[in-house]
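Trainee: Have a peek at protein.pdb (PDB, C-alpha atoms).
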ATOM      1  CA  MET N 184      -8.264 -19.797  11.233
ATOM      2  CA  LEU N 185     -11.581 -17.968  10.840
ATOM      3  CA  SER N 186      -9.767 -14.660  10.368
ATOM      4  CA  ALA N 187      -8.522 -16.056   7.062
ATOM      5  CA  LEU N 188     -12.175 -16.418   6.082
ATOM      6  CA  GLY N 189     -13.045 -12.793   6.704
ATOM      7  CA  LEU N 190     -13.535 -12.541  10.489
ATOM      8  CA  ASP N 191     -11.523 -10.180  12.660
ATOM      9  CA  THR N 192      -9.695 -11.477  15.730
ATOM     10  CA  SER N 193     -12.346 -10.399  18.259
ATOM     11  CA  THR N 194     -15.231 -11.920  16.307
ATOM     12  CA  GLU N 195     -13.342 -15.177  15.898
ATOM     13  CA  ALA N 196     -12.589 -15.273  19.647
ATOM     14  CA  VAL N 197     -16.269 -14.760  20.524
ATOM     15  CA  TYR N 198     -17.346 -17.478  18.101
ATOM     16  CA  ARG N 199     -14.793 -19.944  19.482
ATOM     17  CA  LEU N 200     -15.924 -19.241  23.038
ATOM     18  CA  LEU N 201     -19.613 -19.727  22.191
ATOM     19  CA  ALA N 202     -18.849 -22.928  20.303
ATOM     20  CA  ALA N 203     -16.893 -24.269  23.301
ATOM     21  CA  ARG N 204     -19.604 -23.195  25.799
ATOM     22  CA  PRO N 205     -22.889 -24.484  24.395
ATOM     23  CA  GLU N 206     -24.683 -23.492  27.629
ATOM     24  CA  GLY N 207     -24.102 -19.878  26.618
ATOM     25  CA  TRP N 208     -22.509 -16.969  28.419
ATOM     26  CA  GLY N 209     -23.715 -13.417  28.843
ATOM     27  CA  VAL N 210     -21.994 -10.427  27.260
ATOM     28  CA  GLY N 211     -20.324  -9.438  30.538
ATOM     29  CA  GLN N 212     -18.962 -12.916  31.139
ATOM     30  CA  MET N 213     -17.570 -13.183  27.616
ATOM     31  CA  ALA N 214     -16.002  -9.729  27.815
ATOM     32  CA  GLU N 215     -14.264 -10.613  31.073
ATOM     33  CA  ARG N 216     -13.088 -14.009  29.848
ATOM     34  CA  LEU N 217     -11.727 -12.657  26.543
ATOM     35  CA  GLY N 218     -10.372  -9.389  27.879
ATOM     36  CA  LEU N 219     -12.554  -7.379  25.514
ATOM     37  CA  GLY N 220     -14.862  -4.445  26.041
ATOM     38  CA  GLU N 221     -18.551  -5.286  26.162
ATOM     39  CA  GLN N 222     -19.181  -3.194  23.037
ATOM     40  CA  HIS N 223     -16.588  -5.238  21.165
ATOM     41  CA  VAL N 224     -18.443  -8.404  22.193
ATOM     42  CA  ARG N 225     -21.788  -6.974  21.058
ATOM     43  CA  ASP N 226     -20.279  -5.961  17.710
ATOM     44  CA  ALA N 227     -18.867  -9.462  17.318
ATOM     45  CA  LEU N 228     -22.247 -11.032  18.068
ATOM     46  CA  ASP N 229     -23.875  -8.794  15.465
ATOM     47  CA  ARG N 230     -21.270  -9.825  12.903
ATOM     48  CA  LEU N 231     -21.725 -13.519  13.677
ATOM     49  CA  ALA N 232     -25.496 -13.206  13.360
ATOM     50  CA  GLU N 233     -25.046 -11.399  10.043
ATOM     51  CA  LEU N 234     -22.942 -14.303   8.789
ATOM     52  CA  SER N 235     -25.516 -16.825  10.030
ATOM     53  CA  LEU N 236     -23.009 -18.314  12.474
ATOM     54  CA  LEU N 237     -25.400 -17.825  15.397
ATOM     55  CA  ARG N 238     -28.912 -19.127  15.969
ATOM     56  CA  ARG N 239     -31.540 -18.130  18.516
ATOM     57  CA  SER N 240     -31.418 -20.405  21.543
ATOM     58  CA  ALA N 241     -34.507 -22.572  22.104
ATOM     59  CA  ASP N 242     -33.553 -23.187  25.730
ATOM     60  CA  ARG N 243     -32.686 -19.597  26.694
ATOM     61  CA  PRO N 244     -35.141 -16.957  25.453
ATOM     62  CA  GLY N 245     -33.150 -14.010  24.091
ATOM     63  CA  GLY N 246     -29.980 -16.065  24.039
ATOM     64  CA  TRP N 247     -27.865 -17.336  21.175
ATOM     65  CA  ARG N 248     -26.109 -20.555  20.278
ATOM     66  CA  ALA N 249     -23.193 -20.966  17.912
ATOM     67  CA  ILE N 250     -23.512 -23.036  14.758
ATOM     68  CA  HIS N 251     -21.241 -26.080  14.967
ATOM     69  CA  PRO N 252     -17.782 -25.128  13.668
ATOM     70  CA  GLU N 253     -17.867 -27.737  10.901
ATOM     71  CA  LEU N 254     -21.080 -26.270   9.499
ATOM     72  CA  GLY N 255     -19.937 -22.711  10.240
ATOM     73  CA  LEU N 256     -16.736 -23.155   8.242
ATOM     74  CA  HIS N 257     -18.689 -24.563   5.303
ATOM     75  CA  LEU N 258     -21.014 -21.551   5.431
ATOM     76  CA  LEU N 259     -18.083 -19.128   5.386
ATOM     77  CA  LEU N 260     -16.335 -21.013   2.588
ATOM     78  CA  ARG N 261     -19.498 -21.062   0.490
ATOM     79  CA  ARG N 262     -19.949 -17.327   1.026
ATOM     80  CA  GLN N 263     -16.384 -16.615  -0.046
ATOM     81  CA  GLN N 264     -16.706 -18.868  -3.082
ATOM     82  CA  ASP N 265     -19.858 -17.026  -4.152
ATOM     83  CA  GLU N 266     -18.112 -13.658  -3.742
ATOM     84  CA  LEU N 267     -15.065 -14.927  -5.637
ATOM     85  CA  GLU N 268     -17.234 -16.202  -8.474
ATOM     86  CA  GLN N 269     -18.949 -12.829  -8.658
ATOM     87  CA  ARG N 270     -15.576 -11.051  -8.868
ATOM     88  CA  ARG N 271     -14.505 -13.445 -11.604
ATOM     89  CA  ARG N 272     -17.613 -12.661 -13.627
ATOM     90  CA  GLU N 273     -16.991  -8.945 -13.190
ATOM     91  CA  LEU N 274     -13.343  -9.426 -14.188
ATOM     92  CA  ASP N 275     -14.348 -11.379 -17.314
ATOM     93  CA  GLU N 276     -16.750  -8.618 -18.314
ATOM     94  CA  THR N 277     -14.096  -5.973 -17.749
ATOM     95  CA  HIS N 278     -11.555  -8.019 -19.710
ATOM     96  CA  VAL N 279     -13.908  -8.227 -22.686
ATOM     97  CA  ALA N 280     -14.557  -4.484 -22.513
ATOM     98  CA  VAL N 281     -10.837  -3.662 -22.331
ATOM     99  CA  THR N 282     -10.066  -6.028 -25.228
ATOM    100  CA  ARG N 283     -12.665  -4.285 -27.355
ATOM    101  CA  MET N 284     -11.287  -0.882 -26.387
ATOM    102  CA  ILE N 285      -7.739  -1.901 -27.340
ATOM    103  CA  ALA N 286      -8.976  -3.250 -30.672
ATOM    104  CA  ASP N 287     -10.796   0.028 -31.360
ATOM    105  CA  LEU N 288      -7.756   2.133 -30.427
ATOM    106  CA  ALA N 289      -5.511   0.017 -32.636
ATOM    107  CA  GLU N 290      -7.548   0.939 -35.711
ATOM    108  CA  PRO N 291      -5.739   3.230 -38.163
ATOM    109  CA  GLY N 292      -6.125   6.897 -37.332
ATOM    110  CA  THR N 293      -6.334   6.479 -33.562
ATOM    111  CA  GLY N 294      -2.607   6.979 -32.913
ATOM    112  CA  PHE N 295      -2.080   3.515 -31.447
ATOM    113  CA  ALA N 296      -1.614   1.474 -34.602
ATOM    114  CA  GLY N 297       1.581  -0.559 -34.427
ATOM    115  CA  GLU N 298       1.754  -0.364 -30.634
ATOM    116  CA  GLY N 299       0.678  -3.833 -29.801
ATOM    117  CA  GLY N 300      -2.581  -4.101 -31.709
ATOM    118  CA  GLY N 301      -1.190  -6.499 -34.256
ATOM    119  CA  GLU N 302       1.209  -9.397 -34.592
ATOM    120  CA  GLU N 303       4.503  -8.863 -32.801
ATOM    121  CA  THR N 304       7.487  -8.183 -35.101
ATOM    122  CA  ASP N 305      11.231  -8.028 -34.500
ATOM    123  CA  SER N 306      11.054  -4.265 -34.005
ATOM    124  CA  GLU N 307       8.586  -1.396 -33.661
ATOM    125  CA  ARG N 308       9.260   2.284 -34.261
ATOM    126  CA  LEU N 309       7.751   4.615 -31.681
ATOM    127  CA  ILE N 310       7.648   8.321 -32.458
ATOM    128  CA  GLY N 311       6.770  10.839 -29.766
ATOM    129  CA  MET N 312       6.812  10.599 -25.981
ATOM    130  CA  ASP N 313       3.115   9.684 -25.783
ATOM    131  CA  ALA N 314       3.654   6.669 -28.036
ATOM    132  CA  ILE N 315       6.758   5.620 -26.104
ATOM    133  CA  GLN N 316       5.103   5.944 -22.693
ATOM    134  CA  SER N 317       1.983   4.104 -23.856
ATOM    135  CA  ARG N 318       3.946   1.163 -25.286
ATOM    136  CA  LEU N 319       6.237   1.044 -22.263
ATOM    137  CA  GLU N 320       3.267   0.895 -19.888
ATOM    138  CA  GLN N 321       1.804  -1.921 -21.974
ATOM    139  CA  ILE N 322       4.889  -4.157 -21.990
ATOM    140  CA  ALA N 323       5.813  -3.322 -18.373
ATOM    141  CA  ASN N 324       2.352  -4.470 -17.314
ATOM    142  CA  LYS N 325       3.185  -7.878 -18.797
ATOM    143  CA  ALA N 326       6.592  -8.217 -17.093
ATOM    144  CA  THR N 327       6.846 -11.425 -15.076
ATOM    145  CA  THR N 328      10.522 -11.838 -14.136
ATOM    146  CA  SER N 329      12.696  -8.754 -14.581
ATOM    147  CA  VAL N 330      12.927  -5.137 -15.675
ATOM    148  CA  CYS N 331      16.480  -3.865 -16.208
ATOM    149  CA  THR N 332      17.129  -0.218 -17.004
ATOM    150  CA  PHE N 333      19.967   2.030 -18.081
ATOM    151  CA  MET N 334      19.045   5.516 -16.868
ATOM    152  CA  PRO N 335      21.586   7.969 -18.286
ATOM    153  CA  GLY N 336      21.410  11.705 -17.723
ATOM    154  CA  GLY N 337      22.126  13.434 -14.440
ATOM    155  CA  GLY N 338      18.597  14.788 -14.045
ATOM    156  CA  HIS N 339      15.227  13.800 -15.452
ATOM    157  CA  SER N 340      12.040  15.754 -15.951
ATOM    158  CA  PRO N 341       9.298  15.524 -13.316
ATOM    159  CA  ALA N 342       6.991  13.948 -15.909
ATOM    160  CA  SER N 343       9.442  11.148 -16.784
ATOM    161  CA  ILE N 344      10.205  10.510 -13.098
ATOM    162  CA  GLU N 345       6.501  10.284 -12.247
ATOM    163  CA  ALA N 346       5.869   7.898 -15.153
ATOM    164  CA  ALA N 347       8.809   5.707 -14.090
ATOM    165  CA  ARG N 348       7.676   5.699 -10.458
ATOM    166  CA  HIS N 349       4.147   4.667 -11.441
ATOM    167  CA  ASN N 350       5.360   1.809 -13.653
ATOM    168  CA  ASP N 351       7.929   0.608 -11.105
ATOM    169  CA  ALA N 352       5.389   0.584  -8.266
ATOM    170  CA  GLN N 353       3.067  -1.684 -10.244
ATOM    171  CA  ILE N 354       5.929  -3.958 -11.292
ATOM    172  CA  LEU N 355       7.344  -4.316  -7.778
ATOM    173  CA  LEU N 356       3.925  -5.194  -6.370
ATOM    174  CA  ARG N 357       3.923  -8.249  -8.652
ATOM    175  CA  GLY N 358       7.294  -9.409  -7.313
ATOM    176  CA  VAL N 359       9.187  -8.618 -10.512
ATOM    177  CA  GLU N 360      12.932  -7.989 -10.124
ATOM    178  CA  VAL N 361      13.804  -4.348 -10.871
ATOM    179  CA  ARG N 362      17.435  -3.344 -11.465
ATOM    180  CA  THR N 363      18.421   0.156 -12.553
ATOM    181  CA  VAL N 364      21.801   1.623 -13.430
ATOM    182  CA  CYS N 365      22.107   5.410 -13.090
ATOM    183  CA  LEU N 366      25.044   7.742 -13.534
ATOM    184  CA  ASP N 367      27.253   8.695 -10.608
ATOM    185  CA  SER N 368      26.151  12.269 -11.261
ATOM    186  CA  VAL N 369      22.573  11.392 -10.277
ATOM    187  CA  ARG N 370      23.407  12.872  -6.872
ATOM    188  CA  ASN N 371      23.471  16.297  -8.534
ATOM    189  CA  SER N 372      19.744  16.116  -9.306
ATOM    190  CA  ALA N 373      17.626  16.068  -6.140
ATOM    191  CA  PRO N 374      14.379  14.817  -7.814
ATOM    192  CA  THR N 375      16.186  12.017  -9.673
ATOM    193  CA  LEU N 376      18.172  11.030  -6.587
ATOM    194  CA  GLU N 377      14.970  10.969  -4.535
ATOM    195  CA  TYR N 378      13.396   8.661  -7.130
ATOM    196  CA  ALA N 379      16.429   6.351  -7.051
ATOM    197  CA  ARG N 380      16.266   6.175  -3.259
ATOM    198  CA  TRP N 381      12.527   5.491  -3.382
ATOM    199  CA  LEU N 382      13.126   2.665  -5.837
ATOM    200  CA  THR N 383      15.738   1.101  -3.545
ATOM    201  CA  GLU N 384      13.519   1.406  -0.469
ATOM    202  CA  SER N 385      10.621  -0.149  -2.417
ATOM    203  CA  GLY N 386      12.537  -3.335  -3.204
ATOM    204  CA  GLY N 387      14.390  -2.470  -6.390
ATOM    205  CA  GLU N 388      18.166  -2.341  -6.829
ATOM    206  CA  VAL N 389      19.998   0.768  -8.012
ATOM    207  CA  ARG N 390      23.679   1.044  -8.923
ATOM    208  CA  THR N 391      25.696   3.836 -10.488
ATOM    209  CA  VAL N 392      28.521   4.146 -13.028
ATOM    210  CA  PRO N 393      30.414   7.125 -14.475
ATOM    211  CA  SER N 394      28.738   6.844 -17.909
ATOM    212  CA  LEU N 395      26.251   4.704 -19.791
ATOM    213  CA  PRO N 396      26.249   3.710 -23.472
ATOM    214  CA  LEU N 397      22.565   4.437 -24.088
ATOM    215  CA  ARG N 398      19.137   4.667 -22.570
ATOM    216  CA  MET N 399      17.597   1.192 -22.400
ATOM    217  CA  ILE N 400      14.852  -0.808 -20.742
ATOM    218  CA  LEU N 401      14.911  -4.621 -20.878
ATOM    219  CA  ILE N 402      11.696  -6.485 -20.090
ATOM    220  CA  ASP N 403      11.995 -10.175 -19.134
ATOM    221  CA  GLY N 404      15.033 -10.421 -21.401
ATOM    222  CA  ALA N 405      12.554 -10.643 -24.293
ATOM    223  CA  SER N 406      11.903  -7.003 -25.234
ATOM    224  CA  ALA N 407      14.084  -3.916 -25.194
ATOM    225  CA  LEU N 408      13.194  -0.269 -25.597
ATOM    226  CA  VAL N 409      16.099   1.802 -26.939
ATOM    227  CA  PRO N 410      16.314   5.221 -28.630
ATOM    228  CA  LEU N 411      16.358   5.446 -32.415
ATOM    229  CA  ASP N 412      19.288   7.835 -32.045
ATOM    230  CA  PRO N 413      21.219   7.555 -28.742
ATOM    231  CA  SER N 414      22.535  11.084 -29.274
ATOM    232  CA  ASP N 415      19.025  12.529 -29.644
ATOM    233  CA  THR N 416      16.340  10.611 -27.743
ATOM    234  CA  ARG N 417      13.695  13.088 -28.934
ATOM    235  CA  ARG N 418      13.729  11.421 -32.349
ATOM    236  CA  GLY N 419      11.876   8.442 -30.937
ATOM    237  CA  ALA N 420      12.533   4.887 -29.829
ATOM    238  CA  VAL N 421      12.523   1.375 -31.151
ATOM    239  CA  LEU N 422      11.151  -1.671 -29.348
ATOM    240  CA  LEU N 423      13.215  -4.758 -30.138
ATOM    241  CA  HIS N 424      12.170  -8.395 -29.788
ATOM    242  CA  ALA N 425      14.700 -10.286 -31.916
ATOM    243  CA  ALA N 426      16.540 -13.007 -29.971
ATOM    244  CA  GLY N 427      19.965 -11.902 -31.188
ATOM    245  CA  ALA N 428      19.416  -8.317 -30.096
ATOM    246  CA  MET N 429      18.139  -9.490 -26.713
ATOM    247  CA  THR N 430      21.222 -11.608 -26.114
ATOM    248  CA  ALA N 431      23.540  -8.731 -26.944
ATOM    249  CA  LEU N 432      21.667  -6.145 -24.860
ATOM    250  CA  SER N 433      21.265  -8.500 -21.898
ATOM    251  CA  THR N 434      24.997  -9.228 -21.957
ATOM    252  CA  LEU N 435      25.723  -5.503 -22.091
ATOM    253  CA  PHE N 436      23.505  -4.851 -19.103
ATOM    254  CA  GLU N 437      25.087  -7.601 -17.016
ATOM    255  CA  GLN N 438      28.562  -6.357 -17.825
ATOM    256  CA  VAL N 439      27.715  -2.803 -16.734
ATOM    257  CA  TRP N 440      25.866  -4.072 -13.656
ATOM    258  CA  ALA N 441      28.891  -6.075 -12.558
ATOM    259  CA  VAL N 442      31.120  -3.003 -12.394
ATOM    260  CA  ALA N 443      28.513  -0.570 -11.043
ATOM    261  CA  LEU N 444      28.418   0.409  -7.372
ATOM    262  CA  PRO N 445      25.352   0.406  -5.092
ATOM    263  CA  LEU N 446      23.576   3.743  -4.860
ATOM    264  CA  GLY N 447      25.398   6.038  -2.429
ATOM    265  CA  ALA N 448      28.724   4.198  -2.538
ATOM    266  CA  GLN N 449      31.727   6.288  -3.548
ATOM    267  CA  HIS N 450      34.196   5.321  -6.262
ATOM    268  CA  ALA N 451      37.640   5.432  -4.676
ATOM    269  CA  ARG N 452      40.418   7.310  -6.452
ATOM    270  CA  ASP N 453      42.799   5.081  -8.329
ATOM    271  CA  GLU N 454      45.862   4.683  -6.111
ATOM    272  CA  GLY N 455      48.200   4.668  -9.087
ATOM    273  CA  THR N 456      46.837   7.622 -11.051
ATOM    274  CA  GLY N 457      44.885   9.600  -8.473
ATOM    275  CA  LEU N 458      41.946   9.697 -10.900
ATOM    276  CA  THR N 459      38.347   9.278  -9.871
ATOM    277  CA  ALA N 460      36.242   6.882 -11.914
ATOM    278  CA  GLN N 461      34.484   9.855 -13.508
ATOM    279  CA  GLU N 462      37.788  11.530 -14.432
ATOM    280  CA  ARG N 463      39.088   8.331 -16.006
ATOM    281  CA  GLU N 464      35.871   7.985 -17.982
ATOM    282  CA  LEU N 465      36.149  11.607 -19.117
ATOM    283  CA  LEU N 466      39.669  11.003 -20.399
ATOM    284  CA  THR N 467      38.500   7.889 -22.218
ATOM    285  CA  LEU N 468      35.589   9.716 -23.871
ATOM    286  CA  LEU N 469      37.741  12.639 -24.980
ATOM    287  CA  ALA N 470      40.413  10.248 -26.272
ATOM    288  CA  LYS N 471      37.727   8.703 -28.477
ATOM    289  CA  GLY N 472      37.154  12.086 -30.069
ATOM    290  CA  LEU N 473      34.006  13.145 -28.263
ATOM    291  CA  THR N 474      33.498  16.866 -27.765
ATOM    292  CA  ASP N 475      33.249  18.407 -24.311
ATOM    293  CA  GLU N 476      29.511  18.859 -24.836
ATOM    294  CA  THR N 477      28.976  15.222 -25.801
ATOM    295  CA  ALA N 478      31.158  13.979 -22.943
ATOM    296  CA  ALA N 479      29.184  16.130 -20.518
ATOM    297  CA  GLY N 480      25.979  14.521 -21.770
ATOM    298  CA  ARG N 481      27.402  11.021 -21.387
ATOM    299  CA  LEU N 482      28.538  11.752 -17.846
ATOM    300  CA  GLY N 483      25.366  13.600 -16.921
ATOM    301  CA  VAL N 484      27.242  16.685 -15.770
ATOM    302  CA  SER N 485      27.460  20.288 -16.917
ATOM    303  CA  LEU N 486      29.867  21.520 -19.558
ATOM    304  CA  SER N 487      31.630  23.652 -16.948
ATOM    305  CA  THR N 488      32.186  20.557 -14.800
ATOM    306  CA  VAL N 489      33.834  18.756 -17.712
ATOM    307  CA  ARG N 490      36.117  21.716 -18.360
ATOM    308  CA  ARG N 491      37.055  22.064 -14.682
ATOM    309  CA  SER N 492      37.830  18.344 -14.467
ATOM    310  CA  MET N 493      39.940  18.460 -17.614
ATOM    311  CA  ALA N 494      41.848  21.500 -16.329
ATOM    312  CA  SER N 495      42.590  19.648 -13.093
ATOM    313  CA  ILE N 496      43.829  16.593 -15.004
ATOM    314  CA  MET N 497      46.070  18.732 -17.232
ATOM    315  CA  GLU N 498      47.568  20.383 -14.160
ATOM    316  CA  ARG N 499      48.364  17.032 -12.566
ATOM    317  CA  LEU N 500      49.936  15.824 -15.808
ATOM    318  CA  GLY N 501      51.894  19.039 -16.279
ATOM    319  CA  ALA N 502      50.357  19.406 -19.751
ATOM    320  CA  ARG N 503      49.769  22.724 -21.522
ATOM    321  CA  SER N 504      47.216  21.437 -24.042
ATOM    322  CA  ARG N 505      44.555  18.773 -24.432
ATOM    323  CA  PHE N 506      46.723  17.007 -27.034
ATOM    324  CA  GLU N 507      49.732  16.951 -24.708
ATOM    325  CA  ALA N 508      47.517  15.761 -21.856
ATOM    326  CA  GLY N 509      46.318  12.880 -24.007
ATOM    327  CA  LEU N 510      49.866  11.854 -24.849
ATOM    328  CA  ARG N 511      51.059  12.047 -21.268
ATOM    329  CA  ALA N 512      47.982  10.155 -19.985
ATOM    330  CA  ALA N 513      48.625   7.358 -22.479
ATOM    331  CA  GLN N 514      52.342   7.236 -21.606
ATOM    332  CA  ALA N 515      51.473   7.061 -17.887
ATOM    333  CA  GLY N 516      49.048   4.215 -18.473
ATOM    334  CA  TRP N 517      46.033   6.297 -17.486
ATOM    335  CA  LEU N 518      44.162   5.200 -20.609
TER     336      LEU N 518
END
Show me the file's structure as structure tokens.

Mentor:
Amino acid sequence: MLSALGLDTSTEAVYRLLAARPEGWGVGQMAERLGLGEQHVRDALDRLAELSLLRRSADRPGGWRAIHPELGLHLLLRRQQDELEQRRRELDETHVAVTRMIADLAEPGTGFAGEGGGEETDSERLIGMDAIQSRLEQIANKATTSVCTFMPGGGHSPASIEAARHNDAQILLRGVEVRTVCLDSVRNSAPTLEYARWLTESGGEVRTVPSLPLRMILIDGASALVPLDPSDTRRGAVLLHAAGAMTALSTLFEQVWAVALPLGAQHARDEGTGLTAQERELLTLLAKGLTDETAAGRLGVSLSTVRRSMASIMERLGARSRFEAGLRAAQAGWL
């Protein structure tokens, strides 16, 4: 009980023993009774005296008596309340200082205008990685229920992985649900795979799929960060808040999540076609008119991997050209 008020187990045990034995025991007797070293008992007595839970004994010169537990608990509670009030005052002062800093940074010319300094709109354009990371950190810090992410690309830069790890660690500490969908090809990038495993071990959930429609982060189902141009994320991003957009993007995430597999699980080959999930997705992408380069980007694999996979599929279909392969795949019900 007293340990919850700031006392360690040994100090609490010494206090309880003294309170139960008002006649007082010596250090050796207490050490033997409690199974503690004599130095531990002396340290506990010093701590109790420091907290004013012991008084000098009037009957035994040089001895001590314990303050009655009812009064002792009130003393500890009062001390904690005073410390808590002091922390609250410090927090209020810090909050005021941070609010002023944000207001100053949001002034035109500082580079932060339109990143949360004003009234929230249905969308916000964010140009440049610094602006994107800053806004993402801001909204992630406010997450209360969930953070859902599409993480396309087979490998990610060390800087983006470190930023994601930092944000996720803070979010998970607050008990926020974190769900991330990566590509199956994430296993080809050791740093990205290590991050995904760390996220899983830290309490998040990670699943994989052959391809993803776009890069996306959903915060509490109320905000979404998506690229301005899904084909070129370097152009910038847009932060969406409109209810209609949130409904559509949340539905999209749940649909992808439902078919994704837990990190590390293997997609079985289709018994009817012999295709892996990635091969089927490749066929689908190429049938839609995507180039090999674009398909490779969507799958998070190299261009050579796409070409090897397509050559293997053509061989199994007995096709001499991509066009013939497409026809035969459609006739066989592979698409």

Trainee: On this file, the PyMOL selection byres ((chain N and resi 347) around 12) gives some set of residues; write that set as an MDAnalysis selection string.

Mentor: chainID N and resid 316 319:320 323 330 332 334 339:346 348:355 361 363 375 378:379 381:382 400

Trainee: May I have the selected residues written with C-alpha atoms, as a PDB file, keeping the file's coordinate frame?

Mentor:
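Ended up saving to again-v1.pdb:
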ATOM      1  CA  GLN N 316       5.103   5.944 -22.693  1.00  0.00           C
ATOM      2  CA  LEU N 319       6.237   1.044 -22.263  1.00  0.00           C
ATOM      3  CA  GLU N 320       3.267   0.895 -19.888  1.00  0.00           C
ATOM      4  CA  ALA N 323       5.813  -3.322 -18.373  1.00  0.00           C
ATOM      5  CA  VAL N 330      12.927  -5.137 -15.675  1.00  0.00           C
ATOM      6  CA  THR N 332      17.129  -0.218 -17.004  1.00  0.00           C
ATOM      7  CA  MET N 334      19.045   5.516 -16.868  1.00  0.00           C
ATOM      8  CA  HIS N 339      15.227  13.800 -15.452  1.00  0.00           C
ATOM      9  CA  SER N 340      12.040  15.754 -15.951  1.00  0.00           C
ATOM     10  CA  PRO N 341       9.298  15.524 -13.316  1.00  0.00           C
ATOM     11  CA  ALA N 342       6.991  13.948 -15.909  1.00  0.00           C
ATOM     12  CA  SER N 343       9.442  11.148 -16.784  1.00  0.00           C
ATOM     13  CA  ILE N 344      10.205  10.510 -13.098  1.00  0.00           C
ATOM     14  CA  GLU N 345       6.501  10.284 -12.247  1.00  0.00           C
ATOM     15  CA  ALA N 346       5.869   7.898 -15.153  1.00  0.00           C
ATOM     16  CA  ARG N 348       7.676   5.699 -10.458  1.00  0.00           C
ATOM     17  CA  HIS N 349       4.147   4.667 -11.441  1.00  0.00           C
ATOM     18  CA  ASN N 350       5.360   1.809 -13.653  1.00  0.00           C
ATOM     19  CA  ASP N 351       7.929   0.608 -11.105  1.00  0.00           C
ATOM     20  CA  ALA N 352       5.389   0.584  -8.266  1.00  0.00           C
ATOM     21  CA  GLN N 353       3.067  -1.684 -10.244  1.00  0.00           C
ATOM     22  CA  ILE N 354       5.929  -3.958 -11.292  1.00  0.00           C
ATOM     23  CA  LEU N 355       7.344  -4.316  -7.778  1.00  0.00           C
ATOM     24  CA  VAL N 361      13.804  -4.348 -10.871  1.00  0.00           C
ATOM     25  CA  THR N 363      18.421   0.156 -12.553  1.00  0.00           C
ATOM     26  CA  THR N 375      16.186  12.017  -9.673  1.00  0.00           C
ATOM     27  CA  TYR N 378      13.396   8.661  -7.130  1.00  0.00           C
ATOM     28  CA  ALA N 379      16.429   6.351  -7.051  1.00  0.00           C
ATOM     29  CA  TRP N 381      12.527   5.491  -3.382  1.00  0.00           C
ATOM     30  CA  LEU N 382      13.126   2.665  -5.837  1.00  0.00           C
ATOM     31  CA  ILE N 400      14.852  -0.808 -20.742  1.00  0.00           C
TER      32      ILE N 400
END

Trainee: When distances are computed from only C-alpha atoms, which of N:Leu458, N:Ala494, N:Ala470, N:Ile322 shows the smallest separation from Leu423 of chain N?

Mentor: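 Once distances to Leu423 of chain N are computed over only C-alpha atoms, the minimum belongs to N:Ile322.
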
Trainee: Residues picked by the PyMOL selection byres ((chain N and resi 223) around 12) here, as JSON, numbers by chain?

Mentor: {"N": [191, 192, 193, 194, 195, 196, 197, 210, 211, 213, 214, 215, 217, 218, 219, 220, 221, 222, 224, 225, 226, 227, 228, 229, 230]}

Trainee: The selected residues should be written to file as a PDB file, in the coordinates of the input (atoms: C-alpha atoms).

Mentor:
ATOM      1  CA  ASP N 191     -11.523 -10.180  12.660  1.00  0.00           C
ATOM      2  CA  THR N 192      -9.695 -11.477  15.730  1.00  0.00           C
ATOM      3  CA  SER N 193     -12.346 -10.399  18.259  1.00  0.00           C
ATOM      4  CA  THR N 194     -15.231 -11.920  16.307  1.00  0.00           C
ATOM      5  CA  GLU N 195     -13.342 -15.177  15.898  1.00  0.00           C
ATOM      6  CA  ALA N 196     -12.589 -15.273  19.647  1.00  0.00           C
ATOM      7  CA  VAL N 197     -16.269 -14.760  20.524  1.00  0.00           C
ATOM      8  CA  VAL N 210     -21.994 -10.427  27.260  1.00  0.00           C
ATOM      9  CA  GLY N 211     -20.324  -9.438  30.538  1.00  0.00           C
ATOM     10  CA  MET N 213     -17.570 -13.183  27.616  1.00  0.00           C
ATOM     11  CA  ALA N 214     -16.002  -9.729  27.815  1.00  0.00           C
ATOM     12  CA  GLU N 215     -14.264 -10.613  31.073  1.00  0.00           C
ATOM     13  CA  LEU N 217     -11.727 -12.657  26.543  1.00  0.00           C
ATOM     14  CA  GLY N 218     -10.372  -9.389  27.879  1.00  0.00           C
ATOM     15  CA  LEU N 219     -12.554  -7.379  25.514  1.00  0.00           C
ATOM     16  CA  GLY N 220     -14.862  -4.445  26.041  1.00  0.00           C
ATOM     17  CA  GLU N 221     -18.551  -5.286  26.162  1.00  0.00           C
ATOM     18  CA  GLN N 222     -19.181  -3.194  23.037  1.00  0.00           C
ATOM     19  CA  VAL N 224     -18.443  -8.404  22.193  1.00  0.00           C
ATOM     20  CA  ARG N 225     -21.788  -6.974  21.058  1.00  0.00           C
ATOM     21  CA  ASP N 226     -20.279  -5.961  17.710  1.00  0.00           C
ATOM     22  CA  ALA N 227     -18.867  -9.462  17.318  1.00  0.00           C
ATOM     23  CA  LEU N 228     -22.247 -11.032  18.068  1.00  0.00           C
ATOM     24  CA  ASP N 229     -23.875  -8.794  15.465  1.00  0.00           C
ATOM     25  CA  ARG N 230     -21.270  -9.825  12.903  1.00  0.00           C
TER      26      ARG N 230
END

Trainee: I'd like the neighbourhood of Val369 of chain N as a PyMOL selection string, where a residue qualifies if any of its atoms comes within 12 Å (using all atoms listed in the file), though same-chain residues fewer than 6 positions away should be ignored.

Mentor: chain N and resi 334-339+375-380+389-394+446-447+482-484

Trainee: When you draw a straight line from atom CA of Cys331 of chain N to atom CA of Ala478 of chain N, how long is it in Å?

Mentor: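 Here the two named atoms are 24.1 Å from each other.
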
Trainee: Report as a VMD selection string the residues that result from applying the PyMOL selection byres ((chain N and resi 236) around 7) to the structure here.

Mentor: chain N and resid 231 to 232 234 to 235 237 to 238 249 to 250 255
